[in-house]
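Below is protein-v4.cif, which holds mmCIF, C-alpha atoms.
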data_work
loop_
_atom_site.group_PDB
_atom_site.id
_atom_site.type_symbol
_atom_site.label_atom_id
_atom_site.label_comp_id
_atom_site.auth_asym_id
_atom_site.auth_seq_id
_atom_site.Cartn_x
_atom_site.Cartn_y
_atom_site.Cartn_z
ATOM 1 C CA MET A 1 -10.146 -31.826 -42.461
ATOM 2 C CA ASN A 2 -10.623 -33.731 -39.208
ATOM 3 C CA LYS A 3 -10.121 -32.520 -35.632
ATOM 4 C CA THR A 4 -6.484 -33.595 -35.479
ATOM 5 C CA THR A 5 -5.455 -32.022 -38.772
ATOM 6 C CA GLU A 6 -3.101 -29.047 -38.589
ATOM 7 C CA ARG A 7 -1.967 -26.578 -41.246
ATOM 8 C CA ALA A 8 1.474 -25.406 -42.242
ATOM 9 C CA THR A 9 2.069 -22.551 -44.673
ATOM 10 C CA LEU A 10 5.504 -22.455 -46.294
ATOM 11 C CA ALA A 11 7.242 -20.680 -49.153
ATOM 12 C CA GLY A 12 10.387 -22.181 -50.630
ATOM 13 C CA GLY A 13 10.547 -20.973 -54.204
ATOM 14 C CA CYS A 14 8.245 -22.147 -56.973
ATOM 15 C CA PHE A 15 5.078 -23.687 -55.574
ATOM 16 C CA TRP A 16 5.080 -26.346 -58.292
ATOM 17 C CA CYS A 17 8.214 -27.723 -56.609
ATOM 18 C CA THR A 18 7.066 -27.501 -53.017
ATOM 19 C CA GLU A 19 3.634 -28.943 -53.755
ATOM 20 C CA ALA A 20 5.191 -31.913 -55.582
ATOM 21 C CA ILE A 21 7.456 -32.643 -52.610
ATOM 22 C CA PHE A 22 5.030 -32.312 -49.731
ATOM 23 C CA LYS A 23 2.085 -34.155 -51.293
ATOM 24 C CA ARG A 24 4.284 -37.265 -51.335
ATOM 25 C CA LEU A 25 4.751 -37.421 -47.562
ATOM 26 C CA LYS A 26 2.874 -39.856 -45.333
ATOM 27 C CA GLY A 27 0.511 -37.960 -43.052
ATOM 28 C CA VAL A 28 0.003 -35.091 -45.488
ATOM 29 C CA GLU A 29 -3.686 -34.920 -46.349
ATOM 30 C CA SER A 30 -3.556 -32.134 -48.927
ATOM 31 C CA VAL A 31 -1.271 -29.473 -50.362
ATOM 32 C CA MET A 32 -2.610 -26.308 -51.960
ATOM 33 C CA PRO A 33 -0.450 -23.950 -53.989
ATOM 34 C CA GLY A 34 -1.190 -20.295 -53.491
ATOM 35 C CA TYR A 35 -0.008 -16.880 -52.436
ATOM 36 C CA ALA A 36 0.813 -15.801 -48.880
ATOM 37 C CA GLY A 37 2.150 -12.898 -46.900
ATOM 38 C CA GLY A 38 1.231 -10.043 -49.186
ATOM 39 C CA ASN A 39 -0.995 -7.012 -49.104
ATOM 40 C CA VAL A 40 -3.214 -7.550 -52.155
ATOM 41 C CA GLU A 41 -6.483 -9.456 -51.777
ATOM 42 C CA ASN A 42 -7.180 -12.312 -54.204
ATOM 43 C CA PRO A 43 -4.055 -11.828 -56.325
ATOM 44 C CA THR A 44 -3.578 -13.573 -59.638
ATOM 45 C CA TYR A 45 -0.406 -15.342 -60.718
ATOM 46 C CA GLU A 46 0.390 -12.373 -62.965
ATOM 47 C CA ASP A 47 -0.087 -9.971 -60.024
ATOM 48 C CA VAL A 48 2.298 -11.965 -57.840
ATOM 49 C CA CYS A 49 4.875 -12.318 -60.645
ATOM 50 C CA SER A 50 4.995 -8.518 -60.915
ATOM 51 C CA GLY A 51 6.660 -8.449 -57.503
ATOM 52 C CA ASN A 52 4.317 -5.676 -56.353
ATOM 53 C CA THR A 53 1.912 -7.629 -54.134
ATOM 54 C CA GLY A 54 4.231 -8.653 -51.316
ATOM 55 C CA HIS A 55 3.030 -12.241 -51.727
ATOM 56 C CA ALA A 56 5.248 -15.286 -51.957
ATOM 57 C CA GLU A 57 4.421 -18.384 -53.959
ATOM 58 C CA ALA A 58 3.508 -20.672 -51.072
ATOM 59 C CA ILE A 59 1.826 -23.914 -50.181
ATOM 60 C CA GLN A 60 -0.643 -24.676 -47.458
ATOM 61 C CA ILE A 61 -0.296 -28.195 -46.111
ATOM 62 C CA ALA A 62 -3.020 -30.017 -44.194
ATOM 63 C CA PHE A 63 -1.354 -32.767 -42.157
ATOM 64 C CA ASP A 64 -1.993 -35.228 -39.357
ATOM 65 C CA PRO A 65 0.576 -34.453 -36.640
ATOM 66 C CA ALA A 66 0.242 -37.992 -35.261
ATOM 67 C CA LEU A 67 1.657 -39.278 -38.566
ATOM 68 C CA ILE A 68 3.985 -36.422 -39.489
ATOM 69 C CA PRO A 69 4.843 -33.833 -36.855
ATOM 70 C CA TYR A 70 5.414 -30.186 -37.729
ATOM 71 C CA GLU A 71 9.113 -30.698 -36.954
ATOM 72 C CA LYS A 72 9.353 -33.269 -39.785
ATOM 73 C CA ILE A 73 7.521 -30.921 -42.167
ATOM 74 C CA LEU A 74 10.145 -28.266 -41.407
ATOM 75 C CA ASP A 75 13.015 -30.729 -41.735
ATOM 76 C CA VAL A 76 11.862 -31.630 -45.239
ATOM 77 C CA PHE A 77 11.362 -27.919 -45.997
ATOM 78 C CA TRP A 78 14.947 -27.052 -44.985
ATOM 79 C CA HIS A 79 16.440 -29.889 -47.016
ATOM 80 C CA THR A 80 14.497 -29.508 -50.266
ATOM 81 C CA HIS A 81 15.201 -25.865 -51.089
ATOM 82 C CA ASN A 82 18.046 -23.416 -50.517
ATOM 83 C CA PRO A 83 17.220 -21.293 -47.450
ATOM 84 C CA THR A 84 20.366 -19.167 -47.919
ATOM 85 C CA THR A 85 19.409 -17.309 -51.095
ATOM 86 C CA LEU A 86 17.413 -14.116 -50.653
ATOM 87 C CA ASN A 87 14.393 -13.857 -52.963
ATOM 88 C CA ARG A 88 15.661 -16.616 -55.209
ATOM 89 C CA GLN A 89 15.566 -20.345 -55.853
ATOM 90 C CA GLY A 90 17.784 -21.291 -58.784
ATOM 91 C CA ASN A 91 16.740 -19.259 -61.813
ATOM 92 C CA ASP A 92 13.469 -18.171 -60.161
ATOM 93 C CA ILE A 93 14.211 -14.651 -58.923
ATOM 94 C CA GLY A 94 12.032 -12.136 -57.076
ATOM 95 C CA THR A 95 10.385 -11.602 -53.697
ATOM 96 C CA GLN A 96 7.675 -14.082 -54.696
ATOM 97 C CA TYR A 97 10.332 -16.839 -54.472
ATOM 98 C CA ARG A 98 11.534 -15.975 -50.967
ATOM 99 C CA SER A 99 11.952 -18.587 -48.264
ATOM 100 C CA SER A 100 9.307 -18.139 -45.554
ATOM 101 C CA ILE A 101 7.642 -19.984 -42.733
ATOM 102 C CA PHE A 102 4.239 -18.484 -41.926
ATOM 103 C CA TYR A 103 3.496 -19.708 -38.407
ATOM 104 C CA ALA A 104 -0.116 -20.200 -37.311
ATOM 105 C CA ASP A 105 0.430 -19.918 -33.559
ATOM 106 C CA GLU A 106 3.088 -19.554 -30.858
ATOM 107 C CA LYS A 107 3.789 -23.303 -30.847
ATOM 108 C CA GLN A 108 4.602 -23.284 -34.582
ATOM 109 C CA LYS A 109 6.702 -20.139 -34.101
ATOM 110 C CA GLU A 110 8.768 -21.755 -31.322
ATOM 111 C CA ILE A 111 9.277 -24.954 -33.329
ATOM 112 C CA ALA A 112 10.264 -22.992 -36.448
ATOM 113 C CA GLU A 113 12.743 -20.786 -34.597
ATOM 114 C CA LYS A 114 14.300 -23.789 -32.830
ATOM 115 C CA SER A 115 14.509 -25.672 -36.122
ATOM 116 C CA LYS A 116 16.221 -22.737 -37.841
ATOM 117 C CA THR A 117 18.698 -22.296 -34.976
ATOM 118 C CA GLU A 118 19.566 -26.004 -35.018
ATOM 119 C CA LEU A 119 20.068 -25.904 -38.781
ATOM 120 C CA GLU A 120 22.348 -22.873 -38.496
ATOM 121 C CA LYS A 121 24.420 -24.639 -35.820
ATOM 122 C CA SER A 122 24.651 -27.839 -37.886
ATOM 123 C CA GLY A 123 26.901 -26.221 -40.487
ATOM 124 C CA LEU A 124 24.929 -27.796 -43.343
ATOM 125 C CA TYR A 125 24.925 -24.446 -45.131
ATOM 126 C CA LYS A 126 28.028 -22.247 -45.250
ATOM 127 C CA ASP A 127 25.991 -19.112 -45.977
ATOM 128 C CA PRO A 128 23.536 -17.599 -43.466
ATOM 129 C CA ILE A 129 19.942 -18.815 -43.541
ATOM 130 C CA VAL A 130 17.681 -15.989 -44.748
ATOM 131 C CA THR A 131 14.333 -17.737 -44.290
ATOM 132 C CA GLU A 132 11.856 -15.413 -42.644
ATOM 133 C CA ILE A 133 9.674 -16.725 -39.826
ATOM 134 C CA VAL A 134 6.595 -14.530 -39.760
ATOM 135 C CA PRO A 135 2.993 -14.709 -38.536
ATOM 136 C CA PHE A 136 0.451 -16.164 -40.920
ATOM 137 C CA THR A 137 -1.750 -13.356 -42.226
ATOM 138 C CA ASN A 138 -3.339 -14.638 -45.415
ATOM 139 C CA PHE A 139 -3.341 -17.353 -48.037
ATOM 140 C CA TYR A 140 -5.052 -17.233 -51.412
ATOM 141 C CA VAL A 141 -5.389 -20.452 -53.405
ATOM 142 C CA ALA A 142 -3.680 -20.317 -56.796
ATOM 143 C CA GLU A 143 -5.443 -20.783 -60.098
ATOM 144 C CA ASN A 144 -6.462 -24.364 -60.955
ATOM 145 C CA TYR A 145 -3.780 -24.811 -63.623
ATOM 146 C CA HIS A 146 -1.117 -24.627 -60.876
ATOM 147 C CA LYS A 147 -2.593 -27.511 -58.853
ATOM 148 C CA ASP A 148 -0.790 -30.841 -59.305
ATOM 149 C CA TYR A 149 1.370 -29.138 -61.934
ATOM 150 C CA TYR A 150 4.275 -31.560 -61.669
ATOM 151 C CA ASP A 151 2.147 -34.711 -61.827
ATOM 152 C CA ARG A 152 0.274 -33.381 -64.871
ATOM 153 C CA ASN A 153 3.366 -32.047 -66.697
ATOM 154 C CA LYS A 154 6.286 -34.382 -65.961
ATOM 155 C CA GLU A 155 7.473 -34.155 -69.570
ATOM 156 C CA LYS A 156 8.032 -30.379 -69.422
ATOM 157 C CA SER A 157 11.634 -29.212 -69.144
ATOM 158 C CA TYR A 158 11.060 -27.269 -65.886
ATOM 159 C CA CYS A 159 9.752 -30.446 -64.282
ATOM 160 C CA ASN A 160 12.681 -32.487 -65.614
ATOM 161 C CA PHE A 161 15.443 -30.085 -64.656
ATOM 162 C CA VAL A 162 14.122 -28.397 -61.514
ATOM 163 C CA ILE A 163 11.478 -30.574 -59.836
ATOM 164 C CA ASP A 164 12.771 -34.085 -60.631
ATOM 165 C CA PRO A 165 16.047 -33.561 -58.727
ATOM 166 C CA LYS A 166 14.081 -32.372 -55.681
ATOM 167 C CA ILE A 167 11.853 -35.468 -55.847
ATOM 168 C CA HIS A 168 14.927 -37.711 -56.124
ATOM 169 C CA LYS A 169 16.486 -35.987 -53.108
ATOM 170 C CA LEU A 170 13.257 -36.472 -51.160
ATOM 171 C CA LEU A 171 13.241 -40.185 -51.973
ATOM 172 C CA GLN A 172 16.922 -40.552 -51.023
ATOM 173 C CA GLU A 173 16.727 -38.668 -47.740
ATOM 174 C CA TYR A 174 13.141 -39.350 -46.647
ATOM 175 C CA GLY A 175 12.197 -42.565 -48.438
ATOM 176 C CA ASN A 176 10.568 -44.095 -45.358
ATOM 177 C CA ASP A 177 8.349 -41.019 -45.032
ATOM 178 C CA VAL A 178 7.123 -41.128 -48.641
ATOM 179 C CA LYS A 179 3.684 -42.541 -49.475
ATOM 180 C CA ASP A 180 3.914 -45.941 -51.182
ATOM 181 C CA GLU A 181 2.248 -44.757 -54.396
ATOM 182 C CA TYR A 182 5.114 -42.312 -54.960
ATOM 183 C CA LYS A 183 8.037 -44.692 -54.429
#

Let's see the structure in the file written out as structure tokens.
Amino acid sequence: MNKTTERATLAGGCFWCTEAIFKRLKGVESVMPGYAGGNVENPTYEDVCSGNTGHAEAIQIAFDPALIPYEKILDVFWHTHNPTTLNRQGNDIGTQYRSSIFYADEKQKEIAEKSKTELEKSGLYKDPIVTEIVPFTNFYVAENYHKDYYDRNKEKSYCNFVIDPKIHKLLQEYGNDVKDEYK
């Protein structure tokens, strides 16, 4: 990570989905799936799936703000998951699938709150946005088998039915922001 690199920590349902989306964006240097916002140190996937850790499946994005500002990261976040469903994304249900923005500092907090307010005013969603905007407290990297899950398992039904449509939406709405190797 160089001096200009910043971090964003987001939860928008299954981290296989969010990792697959954000790693495709120009200016994103890395995306790590993991667990954030809970009260158990070094949780396992099984721990988090129990719903008893307080953690959400999350990603931590390292990005160059000169190439992709935090505002663009949040714009993609809002448009590639459903921020109106509490503790759920599609058939993935539980607090570990909640929609969360874990801000690193006051600047990220202000940008996130403004972004959420603008989205609410836009009328894009008829239901209220339930995404929580909370201070970053912790992030634990997920087990290795979760990393690059989509790119290693494109033939699996979850990838075909859940992640592929999100990737197609990303390409349709943000094609100019997608790295050439993913077009």

Practice prompt. Give me the residues within 7 Å of region 32-37 of chain A as a VMD selection string, counting only C-alpha atoms and dropping any in the same chain fewer than 6 places off.
Written response: chain A and resid 15 19 54 to 61 137 to 142 146 to 147

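Using all atoms listed in the file for every distance, the candidate list A:Leu67, A:Leu86, A:Leu74, A:Val48 yields A:Leu67 as the residue closest to Glu29 (chain A).
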
Worksheet entry | Residues matched by the PyMOL selection byres ((chain A and resi 22) around 10), written as number ranges by chain | A: 17-21, 23-32, 59-61, 63, 73, 76-77, 80, 167, 170, 178

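Interatomic distance, CA of Thr84 (chain A) against CA of Arg7 (chain A): 24.5 Å.
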
Suppose a student applies the PyMOL selection byres ((chain A and resi 71) around 12) to this structure; what residues should they get, written as a PDB file with C-alpha atoms, keeping the file's coordinate frame?
ATOM      1  CA  ALA A   8       1.474 -25.406 -42.242  1.00  0.00           C
ATOM      2  CA  PHE A  63      -1.354 -32.767 -42.157  1.00  0.00           C
ATOM      3  CA  PRO A  65       0.576 -34.453 -36.640  1.00  0.00           C
ATOM      4  CA  ALA A  66       0.242 -37.992 -35.261  1.00  0.00           C
ATOM      5  CA  LEU A  67       1.657 -39.278 -38.566  1.00  0.00           C
ATOM      6  CA  ILE A  68       3.985 -36.422 -39.489  1.00  0.00           C
ATOM      7  CA  PRO A  69       4.843 -33.833 -36.855  1.00  0.00           C
ATOM      8  CA  TYR A  70       5.414 -30.186 -37.729  1.00  0.00           C
ATOM      9  CA  LYS A  72       9.353 -33.269 -39.785  1.00  0.00           C
ATOM     10  CA  ILE A  73       7.521 -30.921 -42.167  1.00  0.00           C
ATOM     11  CA  LEU A  74      10.145 -28.266 -41.407  1.00  0.00           C
ATOM     12  CA  ASP A  75      13.015 -30.729 -41.735  1.00  0.00           C
ATOM     13  CA  VAL A  76      11.862 -31.630 -45.239  1.00  0.00           C
ATOM     14  CA  PHE A  77      11.362 -27.919 -45.997  1.00  0.00           C
ATOM     15  CA  TRP A  78      14.947 -27.052 -44.985  1.00  0.00           C
ATOM     16  CA  LYS A 107       3.789 -23.303 -30.847  1.00  0.00           C
ATOM     17  CA  GLN A 108       4.602 -23.284 -34.582  1.00  0.00           C
ATOM     18  CA  LYS A 109       6.702 -20.139 -34.101  1.00  0.00           C
ATOM     19  CA  GLU A 110       8.768 -21.755 -31.322  1.00  0.00           C
ATOM     20  CA  ILE A 111       9.277 -24.954 -33.329  1.00  0.00           C
ATOM     21  CA  ALA A 112      10.264 -22.992 -36.448  1.00  0.00           C
ATOM     22  CA  GLU A 113      12.743 -20.786 -34.597  1.00  0.00           C
ATOM     23  CA  LYS A 114      14.300 -23.789 -32.830  1.00  0.00           C
ATOM     24  CA  SER A 115      14.509 -25.672 -36.122  1.00  0.00           C
ATOM     25  CA  LYS A 116      16.221 -22.737 -37.841  1.00  0.00           C
ATOM     26  CA  GLU A 118      19.566 -26.004 -35.018  1.00  0.00           C
TER      27      GLU A 118
END

Item to complete: Given the file shown, enumerate the residues that the PyMOL selection byres ((chain A and resi 158-160) around 12) captures and present them as a PyMOL selection string.
Response: chain A and resi 14-18+20+90-92+148-157+161-168

Fill in: Straight-line distance linking CA of Ala104 (chain A) with CA of Asn87 (chain A), stated in Å to one decimal
22.3 Å

Discussion item. Taking 2 positions as the minimum chain separation for residues in the same chain, which residues sit within 7 Å of region 99-103 of chain A when counting all atoms listed in the file? Answer as number ranges by chain.
Written reply: A: 9-13, 83, 97, 105, 108-109, 131-136

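One finds CA of Lys121 (chain A) at 25.1 Å from CA of Gly175 (chain A).
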
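Using all atoms listed in the file for every distance, the candidate list A:Glu143, A:Gly51, A:Val130, A:Asn176 yields A:Gly51 as the residue closest to Gly94 (chain A).
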
Set up a box along x, y and z of the file covering all listed atoms of region 39-42 of chain A, add 8 Å on every one of the six sides, and write the centre and edge lengths in Å to one decimal, as AutoDock Vina command-line options.
--center_x -4.1 --center_y -9.7 --center_z -51.7 --size_x 22.2 --size_y 21.3 --size_z 21.1
